[in-house]
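**Q** Handing over my_file_35.csv, CSV, C-alpha atoms.
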chain,number,residue,atom,x,y,z
A,22,MET,CA,-40.0,-42.6,1.5
A,23,PRO,CA,-43.1,-40.3,1.8
A,24,GLN,CA,-44.7,-39.5,-1.5
A,25,PRO,CA,-45.1,-35.8,-2.3
A,26,SER,CA,-48.7,-34.4,-1.8
A,27,PRO,CA,-50.3,-31.0,-1.3
A,28,ARG,CA,-50.3,-31.7,2.5
A,29,THR,CA,-46.6,-32.7,2.6
A,30,ASP,CA,-45.8,-29.6,0.6
A,31,GLU,CA,-47.7,-27.5,3.1
A,32,VAL,CA,-46.0,-29.1,6.1
A,33,GLU,CA,-42.5,-28.7,4.4
A,34,SER,CA,-43.3,-25.0,3.9
A,35,LYS,CA,-44.2,-24.6,7.6
A,36,LEU,CA,-41.2,-26.5,8.8
A,37,ALA,CA,-39.0,-24.1,6.8
A,38,LEU,CA,-40.8,-21.2,8.5
A,39,LEU,CA,-40.3,-22.7,11.9
A,40,ARG,CA,-36.6,-23.5,11.3
A,41,GLY,CA,-36.1,-19.9,10.2
A,42,LEU,CA,-37.6,-18.9,13.6
A,43,LEU,CA,-35.3,-21.3,15.4
A,44,GLU,CA,-32.3,-19.7,13.7
A,45,ARG,CA,-33.5,-16.1,14.5
A,46,ARG,CA,-34.0,-17.1,18.2
A,47,ASP,CA,-30.7,-19.0,18.4
A,48,LEU,CA,-32.6,-22.2,19.4
A,49,ASP,CA,-31.7,-25.8,18.6
A,50,ALA,CA,-35.2,-27.2,18.8
A,51,ALA,CA,-38.9,-26.3,19.4
A,52,VAL,CA,-41.5,-28.3,21.2
A,53,LEU,CA,-45.1,-27.6,20.1
A,54,SER,CA,-47.7,-28.8,22.6
A,55,GLY,CA,-50.8,-26.7,21.8
A,56,THR,CA,-53.6,-27.8,19.6
A,57,ASP,CA,-53.3,-24.6,17.6
A,58,SER,CA,-49.6,-25.0,16.8
A,59,VAL,CA,-49.9,-28.8,16.2
A,60,ALA,CA,-52.9,-28.3,13.8
A,61,TRP,CA,-51.0,-25.5,12.0
A,62,LEU,CA,-47.8,-27.5,11.4
A,63,THR,CA,-49.5,-30.7,10.4
A,64,GLY,CA,-51.8,-29.2,7.9
A,65,GLY,CA,-54.9,-29.5,10.0
A,66,LEU,CA,-54.4,-32.5,12.3
A,67,THR,CA,-56.6,-32.3,15.4
A,68,ASN,CA,-57.4,-34.7,18.2
A,69,ARG,CA,-60.9,-34.0,19.5
A,70,ILE,CA,-60.8,-36.1,22.6
A,71,GLU,CA,-61.6,-33.0,24.6
A,72,PRO,CA,-63.0,-30.3,22.2
A,73,GLY,CA,-61.7,-26.9,23.2
A,74,ASN,CA,-58.8,-28.2,25.3
A,75,PRO,CA,-55.8,-26.0,24.3
A,76,SER,CA,-53.3,-28.8,25.2
A,77,SER,CA,-52.8,-31.4,22.5
A,78,PRO,CA,-52.4,-35.1,23.1
A,79,LEU,CA,-49.9,-35.0,20.2
A,80,TRP,CA,-46.7,-33.0,20.6
A,81,LEU,CA,-44.3,-32.1,17.9
A,82,VAL,CA,-40.5,-31.7,18.2
A,83,VAL,CA,-38.7,-29.8,15.4
A,84,THR,CA,-34.9,-29.4,15.1
A,85,GLY,CA,-32.8,-28.0,12.3
A,86,GLU,CA,-32.5,-31.5,10.7
A,87,ALA,CA,-35.5,-33.5,11.9
A,88,ALA,CA,-39.1,-33.5,13.1
A,89,ALA,CA,-41.0,-36.0,15.2
A,90,ALA,CA,-44.2,-36.5,17.0
A,91,VAL,CA,-45.0,-37.8,20.5
A,92,THR,CA,-48.3,-39.1,22.0
A,93,THR,CA,-49.5,-41.4,24.7
A,94,ASN,CA,-49.6,-45.2,24.3
A,95,VAL,CA,-53.4,-44.8,24.3
A,96,GLU,CA,-53.5,-42.6,21.2
A,97,ARG,CA,-50.6,-44.0,19.3
A,98,PRO,CA,-52.5,-46.9,17.5
A,99,ARG,CA,-55.1,-44.5,16.1
A,100,LEU,CA,-52.7,-41.8,15.2
A,101,ASP,CA,-50.3,-44.3,13.6
A,102,ALA,CA,-53.2,-45.7,11.5
A,103,GLU,CA,-55.1,-42.6,10.6
A,104,ALA,CA,-53.1,-39.4,11.0
A,105,GLY,CA,-50.8,-39.7,8.0
A,106,LEU,CA,-47.7,-38.8,10.1
A,107,ARG,CA,-45.5,-41.2,8.2
A,108,GLU,CA,-46.4,-39.5,4.9
A,109,LEU,CA,-45.4,-36.2,6.5
A,110,GLY,CA,-42.0,-37.6,7.6
A,111,LEU,CA,-42.9,-37.4,11.3
A,112,GLU,CA,-41.8,-40.5,13.2
A,113,LEU,CA,-44.3,-41.2,16.0
A,114,HIS,CA,-43.1,-41.9,19.6
A,115,GLU,CA,-45.0,-42.7,22.7
A,116,ALA,CA,-45.0,-42.1,26.4
A,117,PRO,CA,-47.0,-44.0,29.0
A,118,TRP,CA,-50.3,-42.2,29.7
A,119,PHE,CA,-49.8,-42.7,33.5
A,120,GLU,CA,-46.3,-41.2,33.7
A,121,PRO,CA,-46.4,-37.7,35.1
A,122,GLY,CA,-44.7,-35.5,32.5
A,123,GLY,CA,-44.2,-38.4,30.2
A,124,LEU,CA,-44.9,-36.4,27.0
A,125,ALA,CA,-42.4,-33.7,28.1
A,126,ARG,CA,-39.8,-36.3,28.9
A,127,VAL,CA,-39.9,-38.0,25.5
A,128,ALA,CA,-40.1,-34.6,23.7
A,129,GLY,CA,-37.0,-33.5,25.7
A,130,GLU,CA,-35.1,-36.6,24.7
A,131,LEU,CA,-36.0,-36.0,21.0
A,132,ALA,CA,-35.1,-32.3,21.2
A,133,GLY,CA,-31.7,-33.0,22.6
A,134,PRO,CA,-29.5,-31.1,25.1
A,135,GLY,CA,-29.4,-27.8,23.3
A,136,ARG,CA,-31.5,-24.7,23.6
A,137,VAL,CA,-35.2,-25.6,23.3
A,138,GLY,CA,-38.1,-23.2,22.8
A,139,GLY,CA,-41.6,-24.0,24.0
A,140,ALA,CA,-44.5,-21.9,25.2
A,141,GLU,CA,-42.4,-18.7,25.0
A,142,LEU,CA,-42.6,-19.1,21.2
A,143,ASP,CA,-46.4,-18.7,21.1
A,144,ASP,CA,-46.5,-15.1,19.8
A,145,ASP,CA,-43.8,-15.9,17.3
A,146,LEU,CA,-45.8,-18.8,16.0
A,147,ILE,CA,-48.9,-16.7,15.8
A,148,GLU,CA,-47.0,-14.2,13.6
A,149,LEU,CA,-45.8,-17.0,11.4
A,150,ARG,CA,-49.3,-18.3,10.7
A,151,LEU,CA,-51.3,-15.1,10.3
A,152,GLU,CA,-50.7,-15.2,6.6
A,153,LEU,CA,-52.7,-18.3,5.6
A,154,LEU,CA,-51.3,-20.5,2.8
A,155,PRO,CA,-53.6,-21.1,-0.2
A,156,ALA,CA,-54.6,-24.5,1.1
A,157,GLU,CA,-55.5,-23.0,4.5
A,158,ARG,CA,-57.5,-20.3,2.8
A,159,GLU,CA,-59.6,-23.0,1.0
A,160,ARG,CA,-60.1,-24.9,4.3
A,161,LEU,CA,-61.2,-21.8,6.1
A,162,ALA,CA,-63.5,-20.7,3.3
A,163,ALA,CA,-65.2,-24.1,3.4
A,164,LEU,CA,-65.5,-24.0,7.2
A,165,ALA,CA,-66.9,-20.4,7.2
A,166,ALA,CA,-69.6,-21.3,4.7
A,167,ASP,CA,-70.6,-24.4,6.8
A,168,ALA,CA,-70.6,-22.3,10.0
A,169,ALA,CA,-72.8,-19.6,8.5
A,170,ALA,CA,-75.1,-22.3,7.0
A,171,ALA,CA,-75.4,-24.0,10.4
A,172,LEU,CA,-76.7,-20.8,12.0
A,173,GLU,CA,-78.9,-19.8,9.1
A,174,GLU,CA,-80.6,-23.2,8.8
A,175,ALA,CA,-81.4,-23.2,12.5
A,176,LEU,CA,-82.8,-19.7,12.5
A,177,ARG,CA,-84.9,-20.4,9.4
A,178,ALA,CA,-86.4,-23.4,11.2
A,179,TRP,CA,-87.0,-21.4,14.4
A,180,GLU,CA,-90.7,-21.1,15.5
A,181,PRO,CA,-91.6,-18.3,17.9
A,182,GLY,CA,-91.9,-19.8,21.3
A,183,GLU,CA,-89.2,-22.4,20.8
A,184,ARG,CA,-86.5,-22.6,23.5
A,185,ASP,CA,-83.0,-21.3,23.1
A,186,VAL,CA,-81.5,-24.7,23.9
A,187,ASP,CA,-83.5,-26.3,21.1
A,188,VAL,CA,-82.2,-23.8,18.5
A,189,GLN,CA,-78.7,-24.2,19.9
A,190,ALA,CA,-79.0,-28.0,19.5
A,191,CYS,CA,-80.0,-27.5,15.9
A,192,VAL,CA,-76.9,-25.4,15.2
A,193,ALA,CA,-74.6,-27.9,17.0
A,194,ALA,CA,-76.1,-30.8,15.0
A,195,ASN,CA,-75.6,-28.9,11.8
A,196,LEU,CA,-72.0,-28.4,12.6
A,197,GLU,CA,-71.4,-32.0,13.7
A,198,ARG,CA,-72.8,-33.2,10.4
A,199,VAL,CA,-70.0,-31.4,8.5
A,200,GLY,CA,-67.2,-32.5,10.9
A,201,ALA,CA,-67.1,-29.2,12.8
A,202,PHE,CA,-68.0,-28.1,16.3
A,203,GLY,CA,-68.9,-24.9,18.1
A,204,ALA,CA,-65.8,-23.8,20.0
A,205,CYS,CA,-68.1,-20.9,21.0
A,206,LEU,CA,-71.9,-21.3,20.6
A,207,ILE,CA,-74.4,-18.8,22.0
A,208,VAL,CA,-78.1,-18.7,21.4
A,209,GLY,CA,-80.4,-16.3,23.2
A,210,GLY,CA,-83.6,-14.4,22.6
A,211,ASP,CA,-86.0,-11.6,23.4
A,212,GLU,CA,-85.1,-9.2,26.3
A,213,ARG,CA,-82.0,-11.3,27.2
A,214,VAL,CA,-80.4,-10.3,23.9
A,215,GLU,CA,-81.1,-6.6,24.8
A,216,ARG,CA,-79.7,-7.0,28.4
A,217,PHE,CA,-76.7,-9.3,27.9
A,218,ARG,CA,-73.8,-9.4,25.4
A,219,HIS,CA,-73.6,-13.2,26.0
A,220,PRO,CA,-77.2,-14.4,26.6
A,221,LEU,CA,-76.1,-18.1,27.0
A,222,ALA,CA,-78.9,-20.6,26.3
A,223,ALA,CA,-80.9,-21.1,29.5
A,224,GLY,CA,-83.9,-23.1,28.4
A,225,ALA,CA,-85.9,-19.9,27.8
A,226,PRO,CA,-88.6,-19.6,25.1
A,227,MET,CA,-87.9,-17.0,22.4
A,228,SER,CA,-91.0,-15.3,21.0
A,229,ARG,CA,-89.8,-12.3,19.0
A,230,LEU,CA,-86.0,-12.1,18.7
A,231,VAL,CA,-83.2,-14.6,18.4
A,232,MET,CA,-79.4,-14.1,18.2
A,233,ALA,CA,-77.2,-17.0,17.3
A,234,VAL,CA,-73.4,-16.8,17.5
A,235,VAL,CA,-70.8,-19.3,16.6
A,236,VAL,CA,-67.1,-19.7,16.3
A,237,ALA,CA,-66.8,-23.0,14.5
A,238,GLU,CA,-63.7,-25.2,14.5
A,239,ARG,CA,-62.5,-27.8,11.9
A,240,HIS,CA,-59.0,-28.9,11.1
A,241,GLY,CA,-57.8,-26.5,13.7
A,242,LEU,CA,-59.1,-23.5,12.0
A,243,HIS,CA,-61.9,-21.2,13.3
A,244,ALA,CA,-64.6,-19.1,11.6
A,245,ALA,CA,-67.0,-16.8,13.4
A,246,ALA,CA,-70.5,-15.5,12.5
A,247,THR,CA,-73.5,-14.0,14.2
A,248,ARG,CA,-77.1,-14.0,12.8
A,249,PHE,CA,-80.4,-12.6,14.0
A,250,ALA,CA,-84.0,-13.5,13.3
A,251,CYS,CA,-87.2,-11.9,14.5
A,252,ALA,CA,-91.0,-12.3,14.5
A,253,GLY,CA,-93.1,-9.2,14.3
A,254,GLY,CA,-90.3,-6.8,13.5
A,255,LEU,CA,-87.5,-5.2,15.7
A,256,THR,CA,-88.1,-2.8,18.5
A,257,ASP,CA,-86.8,0.7,18.0
A,258,GLY,CA,-84.1,0.1,20.6
A,259,VAL,CA,-82.8,-3.1,18.9
A,260,ARG,CA,-82.9,-1.5,15.5
A,261,SER,CA,-80.9,1.5,16.7
A,262,ALA,CA,-78.3,-0.6,18.5
A,263,ARG,CA,-77.9,-2.8,15.5
A,264,GLU,CA,-77.5,0.1,13.1
A,265,ALA,CA,-74.8,1.5,15.3
A,266,ALA,CA,-72.9,-1.8,15.5
A,267,ILE,CA,-73.0,-2.2,11.7
A,268,ALA,CA,-71.7,1.3,11.2
A,269,VAL,CA,-68.8,0.5,13.5
A,270,GLU,CA,-68.1,-2.7,11.7
A,271,ARG,CA,-68.3,-1.0,8.3
A,272,ALA,CA,-65.7,1.6,9.3
A,273,MET,CA,-63.5,-1.1,10.8
A,274,LEU,CA,-63.6,-3.2,7.6
A,275,GLU,CA,-62.8,-0.2,5.4
A,276,ALA,CA,-59.7,0.4,7.5
A,277,CYS,CA,-58.5,-3.2,7.0
A,278,VAL,CA,-56.5,-2.8,3.8
A,279,PRO,CA,-53.1,-4.5,3.1
A,280,GLY,CA,-50.3,-2.4,4.6
A,281,ALA,CA,-52.4,-0.7,7.3
A,282,THR,CA,-51.6,-1.8,10.8
A,283,TYR,CA,-53.9,-3.4,13.3
A,284,GLY,CA,-53.4,-0.4,15.5
A,285,GLU,CA,-54.7,1.9,12.8
A,286,ALA,CA,-57.7,-0.3,12.4
A,287,LEU,CA,-58.4,-0.1,16.1
A,288,GLU,CA,-58.1,3.6,16.1
A,289,GLU,CA,-60.7,3.7,13.4
A,290,LEU,CA,-62.9,1.5,15.6
A,291,ALA,CA,-62.7,3.9,18.5
A,292,ARG,CA,-63.6,6.8,16.2
A,293,ALA,CA,-66.5,4.9,14.7
A,294,TYR,CA,-68.0,4.1,18.1
A,295,ALA,CA,-67.8,7.8,19.0
A,296,GLY,CA,-69.3,8.8,15.6
A,297,SER,CA,-72.2,6.4,16.2
A,298,GLY,CA,-73.0,8.1,19.5
A,299,HIS,CA,-71.3,5.5,21.7
A,300,PRO,CA,-67.9,6.8,22.6
A,301,GLY,CA,-65.7,4.3,24.4
A,302,ALA,CA,-68.2,1.5,24.0
A,303,TRP,CA,-65.4,-0.9,22.8
A,304,ARG,CA,-64.7,-1.3,26.5
A,305,GLU,CA,-68.0,-3.1,27.0
A,306,HIS,CA,-67.3,-6.2,24.9
A,307,TYR,CA,-64.7,-8.1,23.0
A,308,GLN,CA,-64.0,-6.6,19.7
A,309,GLY,CA,-62.5,-9.6,17.8
A,310,GLY,CA,-59.5,-9.6,15.6
A,311,PRO,CA,-57.6,-11.9,13.3
A,312,VAL,CA,-59.0,-15.4,13.3
A,313,GLY,CA,-57.2,-18.7,12.4
A,314,TYR,CA,-55.9,-21.5,14.6
A,315,ARG,CA,-57.4,-19.8,17.7
A,316,GLN,CA,-60.8,-18.2,18.0
A,317,ARG,CA,-58.9,-15.0,17.7
A,318,GLU,CA,-55.2,-15.2,17.1
A,319,PHE,CA,-54.8,-12.1,19.3
A,320,GLU,CA,-57.1,-9.5,20.6
A,321,ILE,CA,-56.1,-6.0,21.4
A,322,VAL,CA,-57.9,-2.7,21.9
A,323,PRO,CA,-57.3,1.0,21.2
A,324,ALA,CA,-55.7,1.5,24.6
A,325,GLN,CA,-52.9,-1.1,24.0
A,326,ALA,CA,-50.5,0.7,21.7
A,327,GLU,CA,-47.5,-1.0,23.5
A,328,SER,CA,-48.6,-4.4,22.2
A,329,ARG,CA,-46.5,-6.0,19.5
A,330,TRP,CA,-49.7,-6.5,17.5
A,331,TYR,CA,-50.5,-2.8,17.3
A,332,SER,CA,-47.8,-2.2,14.7
A,333,THR,CA,-48.3,-5.5,12.9
A,334,ALA,CA,-49.4,-4.9,9.3
A,335,ILE,CA,-52.6,-6.4,7.9
A,336,GLU,CA,-51.5,-8.5,4.9
A,337,GLU,CA,-53.1,-10.5,2.1
A,338,GLY,CA,-54.0,-13.9,3.5
A,339,HIS,CA,-54.9,-12.7,6.9
A,340,ALA,CA,-58.4,-13.7,8.1
A,341,LEU,CA,-60.4,-11.3,10.2
A,342,ALA,CA,-63.5,-11.6,12.5
A,343,TRP,CA,-64.3,-8.3,14.1
A,344,ASN,CA,-67.1,-8.3,16.7
A,345,PRO,CA,-68.4,-4.8,17.4
A,346,SER,CA,-71.5,-4.6,19.6
A,347,VAL,CA,-73.7,-1.9,21.2
A,348,ALA,CA,-75.8,-2.4,24.3
A,349,GLY,CA,-79.4,-3.1,23.5
A,350,GLY,CA,-79.0,-5.9,21.0
A,351,GLY,CA,-76.6,-4.5,18.4
A,352,LYS,CA,-73.9,-6.9,17.2
A,353,ALA,CA,-72.1,-7.6,13.9
A,354,GLU,CA,-69.8,-10.5,13.2
A,355,ASP,CA,-68.6,-12.3,10.1
A,356,THR,CA,-65.3,-13.8,8.9
A,357,TYR,CA,-63.4,-12.1,6.1
A,358,LEU,CA,-60.2,-12.9,4.1
A,359,VAL,CA,-57.9,-10.1,3.1
A,360,GLY,CA,-57.3,-10.5,-0.6
A,361,PRO,CA,-55.6,-8.5,-3.4
A,362,ASP,CA,-58.9,-6.8,-4.3
A,363,GLY,CA,-60.1,-6.2,-0.7
A,364,LEU,CA,-62.0,-8.2,1.9
A,365,ARG,CA,-64.1,-11.3,1.0
A,366,ARG,CA,-66.8,-12.3,3.4
A,367,LEU,CA,-66.3,-16.0,3.8
A,368,THR,CA,-69.4,-16.5,5.9
A,369,ASP,CA,-71.6,-15.5,2.9
A,370,THR,CA,-73.9,-18.5,2.0
A,371,GLY,CA,-75.8,-16.6,-0.7
A,372,ALA,CA,-79.0,-17.8,1.0
A,373,TRP,CA,-79.5,-15.1,3.7
A,374,PRO,CA,-81.2,-11.7,3.2
A,375,LEU,CA,-78.9,-8.7,2.9
A,376,GLU,CA,-79.3,-5.1,3.8
A,377,ASP,CA,-76.8,-2.6,2.3
A,378,GLY,CA,-74.6,-5.6,1.6
A,379,ARG,CA,-74.6,-6.9,5.1
A,380,PRO,CA,-76.5,-9.9,6.6
A,381,ALA,CA,-79.9,-8.6,7.6
A,382,VAL,CA,-82.3,-9.8,10.3
A,383,LEU,CA,-84.4,-12.7,9.0
A,384,GLU,CA,-88.1,-11.9,9.5
A,385,ILE,CA,-90.1,-15.1,10.4
A,386,GLU,CA,-93.6,-15.4,9.2
A,387,THR,CA,-95.9,-16.1,12.2
A,388,GLY,CA,-98.8,-17.4,10.2
A,389,GLU,CA,-101.2,-14.9,11.9
A,390,ALA,CA,-103.7,-13.0,9.8
A,391,ALA,CA,-102.8,-9.4,9.0
What would the structure in this file look like if it were written as structure tokens?
**A**
Amino acid sequence: MPQPSPRTDEVESKLALLRGLLERRDLDAAVLSGTDSVAWLTGGLTNRIEPGNPSSPLWLVVTGEAAAAVTTNVERPRLDAEAGLRELGLELHEAPWFEPGGLARVAGELAGPGRVGGAELDDDLIELRLELLPAERERLAALAADAAAALEEALRAWEPGERDVDVQACVAANLERVGAFGACLIVGGDERVERFRHPLAAGAPMSRLVMAVVVAERHGLHAAATRFACAGGLTDGVRSAREAAIAVERAMLEACVPGATYGEALEELARAYAGSGHPGAWREHYQGGPVGYRQREFEIVPAQAESRWYSTAIEEGHALAWNPSVAGGGKAEDTYLVGPDGLRRLTDTGAWPLEDGRPAVLEIETGEAA
């Protein structure tokens, strides 16, 4: 008999949520095959055979009375020994790795002949997991701090002239040391930051400006942050673009209060872009959204009022990572948790310079005489 633990309590709470969904949808079973849903239901179990692959090598089958897991014969010994599935009350079954559709076959047998929900439940599952449980909030806060530290340590160590790939390697190594990885990792510098929203590392030296972006993943959860460093000060163009992006982010965050809808926050985003002198600029780049078991659990824009997410309320326990940007090198991105007293920036290490309460651009000393 599995012994109660915080993790088993978390899984039982989520099984209850999922079974409630089955009842509302008049389903007899659900088959979860995505890494996001599997990590959510198991309290953070992930299988990083192929980091970033949305298809999990471990599937879960949940009925009104039971829950089970299915994997291949290749992964079963490791999962049986290390994943703690027995303690969670999840009996582990296997399918031959070489059998086409083997996981689906075994999962179907476990689900039974009734009505079974699969991929069509994705949006419903997202809605269930938007409000993070206390244990998830703690895991996300720890990840967010580690993600921000990985960026900040790499940028503090940057020497003007160093290549973007070398700074990126430093960020990646920092993440790997704490058991995380960069589901999205972008490092670029100088005029490439001013020209491109995504200046992917290209082996180019960076002499005066660096932008480092990460969406880090651990235990299935994601945290996003962007940081800048410069040598010799910012150009007027970058400074102006940055101020505009921060103004948009500030307005957006102020709109994210419990009870407001995501649509209302997006309408404020559109007004803020116009007020900063860049009307309609949200069309030029992804704007972010709630973060959790996906890099963004969903992403909508002001023109999508018909989306189910437009009228979804922002609630305590939601995690947010907005990503406003302005052409010319302006970008702002951090991960926040909605709490009873407002938003808490989880990507705040306490070791990075701030300007008006927001992460500033780190100025690197070049060692040259004044």
**Q** Go through A:Thr84, A:Thr333, A:Thr63, A:Gln325 and flag the residue nearest Glu152 (chain A), using all atoms listed in the file for the distances.
**A**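 For Glu152 (chain A), the nearest of the given residues is A:Thr333.
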**Q** So, with all atoms listed in the file as the atoms that count, which of A:Ile70, A:Ser54, A:Val278, A:Gly350 lies closest to Gly210 (chain A)?
**A**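 Among the listed residues, A:Gly350 lies closest to Gly210 (chain A).
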**Q** What does the distance from CA of Leu111 (chain A) to CA of Val32 (chain A) come to in Å, to one decimal?
**A** 10.3 Å
**Q** Using only C-alpha atoms, pick whichever of A:Leu146, A:Val234, A:Leu242, A:Leu109 has the shortest atom-to-atom distance to Leu164 (chain A).
**A**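 Of A:Leu146, A:Val234, A:Leu242, A:Leu109, the one nearest Leu164 (chain A), counting only C-alpha atoms, is A:Leu242.
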**Q** Given the choices A:Ala51, A:Ala104, A:Val188, A:Ala194, which gets closest to Ala225 (chain A) if the distance is worked out from only C-alpha atoms?
**A**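 Using only C-alpha atoms, Ala225 (chain A) sits closest to A:Val188.
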**Q** What's the 10 Å shell around Pro134 (chain A), counting only C-alpha atoms, without same-chain residues fewer than 4 positions away, as a short mmCIF file (atom, residue, chain, number, x, y, z; two decimals) with C-alpha atoms, keeping the file's coordinate frame?
**A**
data_model
loop_
_atom_site.label_atom_id
_atom_site.label_comp_id
_atom_site.auth_asym_id
_atom_site.auth_seq_id
_atom_site.Cartn_x
_atom_site.Cartn_y
_atom_site.Cartn_z
CA ASP A 49 -31.70 -25.80 18.60
CA ALA A 50 -35.20 -27.20 18.80
CA GLY A 129 -37.00 -33.50 25.70
CA GLU A 130 -35.10 -36.60 24.70
#
**Q** Some atoms are absent from region 130-150 of chain A, so rebuild N, CA and C atoms and return them as a PDB file, in the coordinates of the input.
**A**
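Contents of the output file out.pdb:
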ATOM      1  N   GLU A 130     -36.132 -35.647  25.198  1.00  0.00           N
ATOM      2  CA  GLU A 130     -35.100 -36.600  24.700  1.00  0.00           C
ATOM      3  C   GLU A 130     -34.941 -36.377  23.174  1.00  0.00           C
ATOM      4  N   LEU A 131     -36.045 -36.180  22.456  1.00  0.00           N
ATOM      5  CA  LEU A 131     -36.000 -36.000  21.000  1.00  0.00           C
ATOM      6  C   LEU A 131     -35.358 -34.623  20.656  1.00  0.00           C
ATOM      7  N   ALA A 132     -35.622 -33.616  21.481  1.00  0.00           N
ATOM      8  CA  ALA A 132     -35.100 -32.300  21.200  1.00  0.00           C
ATOM      9  C   ALA A 132     -33.597 -32.205  21.429  1.00  0.00           C
ATOM     10  N   GLY A 133     -33.076 -33.030  22.359  1.00  0.00           N
ATOM     11  CA  GLY A 133     -31.700 -33.000  22.600  1.00  0.00           C
ATOM     12  C   GLY A 133     -31.262 -32.015  23.680  1.00  0.00           C
ATOM     13  N   PRO A 134     -29.964 -31.918  23.963  1.00  0.00           N
ATOM     14  CA  PRO A 134     -29.500 -31.100  25.100  1.00  0.00           C
ATOM     15  C   PRO A 134     -29.328 -29.621  24.823  1.00  0.00           C
ATOM     16  N   GLY A 135     -29.616 -29.179  23.617  1.00  0.00           N
ATOM     17  CA  GLY A 135     -29.400 -27.800  23.300  1.00  0.00           C
ATOM     18  C   GLY A 135     -30.478 -26.849  23.798  1.00  0.00           C
ATOM     19  N   ARG A 136     -30.535 -25.654  23.223  1.00  0.00           N
ATOM     20  CA  ARG A 136     -31.500 -24.700  23.600  1.00  0.00           C
ATOM     21  C   ARG A 136     -32.869 -24.986  22.958  1.00  0.00           C
ATOM     22  N   VAL A 137     -33.901 -25.151  23.786  1.00  0.00           N
ATOM     23  CA  VAL A 137     -35.200 -25.600  23.300  1.00  0.00           C
ATOM     24  C   VAL A 137     -36.259 -24.541  23.595  1.00  0.00           C
ATOM     25  N   GLY A 138     -37.049 -24.193  22.585  1.00  0.00           N
ATOM     26  CA  GLY A 138     -38.100 -23.200  22.800  1.00  0.00           C
ATOM     27  C   GLY A 138     -39.464 -23.960  22.920  1.00  0.00           C
ATOM     28  N   GLY A 139     -40.296 -23.446  23.811  1.00  0.00           N
ATOM     29  CA  GLY A 139     -41.600 -24.000  24.000  1.00  0.00           C
ATOM     30  C   GLY A 139     -42.692 -22.974  24.027  1.00  0.00           C
ATOM     31  N   ALA A 140     -43.379 -22.813  25.160  1.00  0.00           N
ATOM     32  CA  ALA A 140     -44.500 -21.900  25.200  1.00  0.00           C
ATOM     33  C   ALA A 140     -44.121 -20.454  24.956  1.00  0.00           C
ATOM     34  N   GLU A 141     -42.854 -20.100  25.226  1.00  0.00           N
ATOM     35  CA  GLU A 141     -42.400 -18.700  25.000  1.00  0.00           C
ATOM     36  C   GLU A 141     -42.407 -18.344  23.522  1.00  0.00           C
ATOM     37  N   LEU A 142     -42.552 -19.327  22.653  1.00  0.00           N
ATOM     38  CA  LEU A 142     -42.600 -19.100  21.200  1.00  0.00           C
ATOM     39  C   LEU A 142     -44.002 -18.793  20.702  1.00  0.00           C
ATOM     40  N   ASP A 143     -45.004 -18.805  21.572  1.00  0.00           N
ATOM     41  CA  ASP A 143     -46.400 -18.700  21.100  1.00  0.00           C
ATOM     42  C   ASP A 143     -46.644 -17.507  20.222  1.00  0.00           C
ATOM     43  N   ASP A 144     -46.218 -16.327  20.650  1.00  0.00           N
ATOM     44  CA  ASP A 144     -46.500 -15.100  19.800  1.00  0.00           C
ATOM     45  C   ASP A 144     -45.742 -15.191  18.505  1.00  0.00           C
ATOM     46  N   ASP A 145     -44.532 -15.741  18.519  1.00  0.00           N
ATOM     47  CA  ASP A 145     -43.800 -15.900  17.300  1.00  0.00           C
ATOM     48  C   ASP A 145     -44.506 -16.824  16.308  1.00  0.00           C
ATOM     49  N   LEU A 146     -45.078 -17.897  16.850  1.00  0.00           N
ATOM     50  CA  LEU A 146     -45.800 -18.800  16.000  1.00  0.00           C
ATOM     51  C   LEU A 146     -47.080 -18.206  15.448  1.00  0.00           C
ATOM     52  N   ILE A 147     -47.757 -17.406  16.266  1.00  0.00           N
ATOM     53  CA  ILE A 147     -48.900 -16.700  15.800  1.00  0.00           C
ATOM     54  C   ILE A 147     -48.560 -15.818  14.582  1.00  0.00           C
ATOM     55  N   GLU A 148     -47.451 -15.107  14.723  1.00  0.00           N
ATOM     56  CA  GLU A 148     -47.000 -14.200  13.600  1.00  0.00           C
ATOM     57  C   GLU A 148     -46.715 -15.014  12.372  1.00  0.00           C
ATOM     58  N   LEU A 149     -46.130 -16.211  12.521  1.00  0.00           N
ATOM     59  CA  LEU A 149     -45.800 -17.000  11.400  1.00  0.00           C
ATOM     60  C   LEU A 149     -47.094 -17.473  10.621  1.00  0.00           C
ATOM     61  N   ARG A 150     -48.160 -17.736  11.370  1.00  0.00           N
ATOM     62  CA  ARG A 150     -49.300 -18.300  10.700  1.00  0.00           C
ATOM     63  C   ARG A 150     -50.433 -17.340  10.400  1.00  0.00           C
TER      64      ARG A 150
END
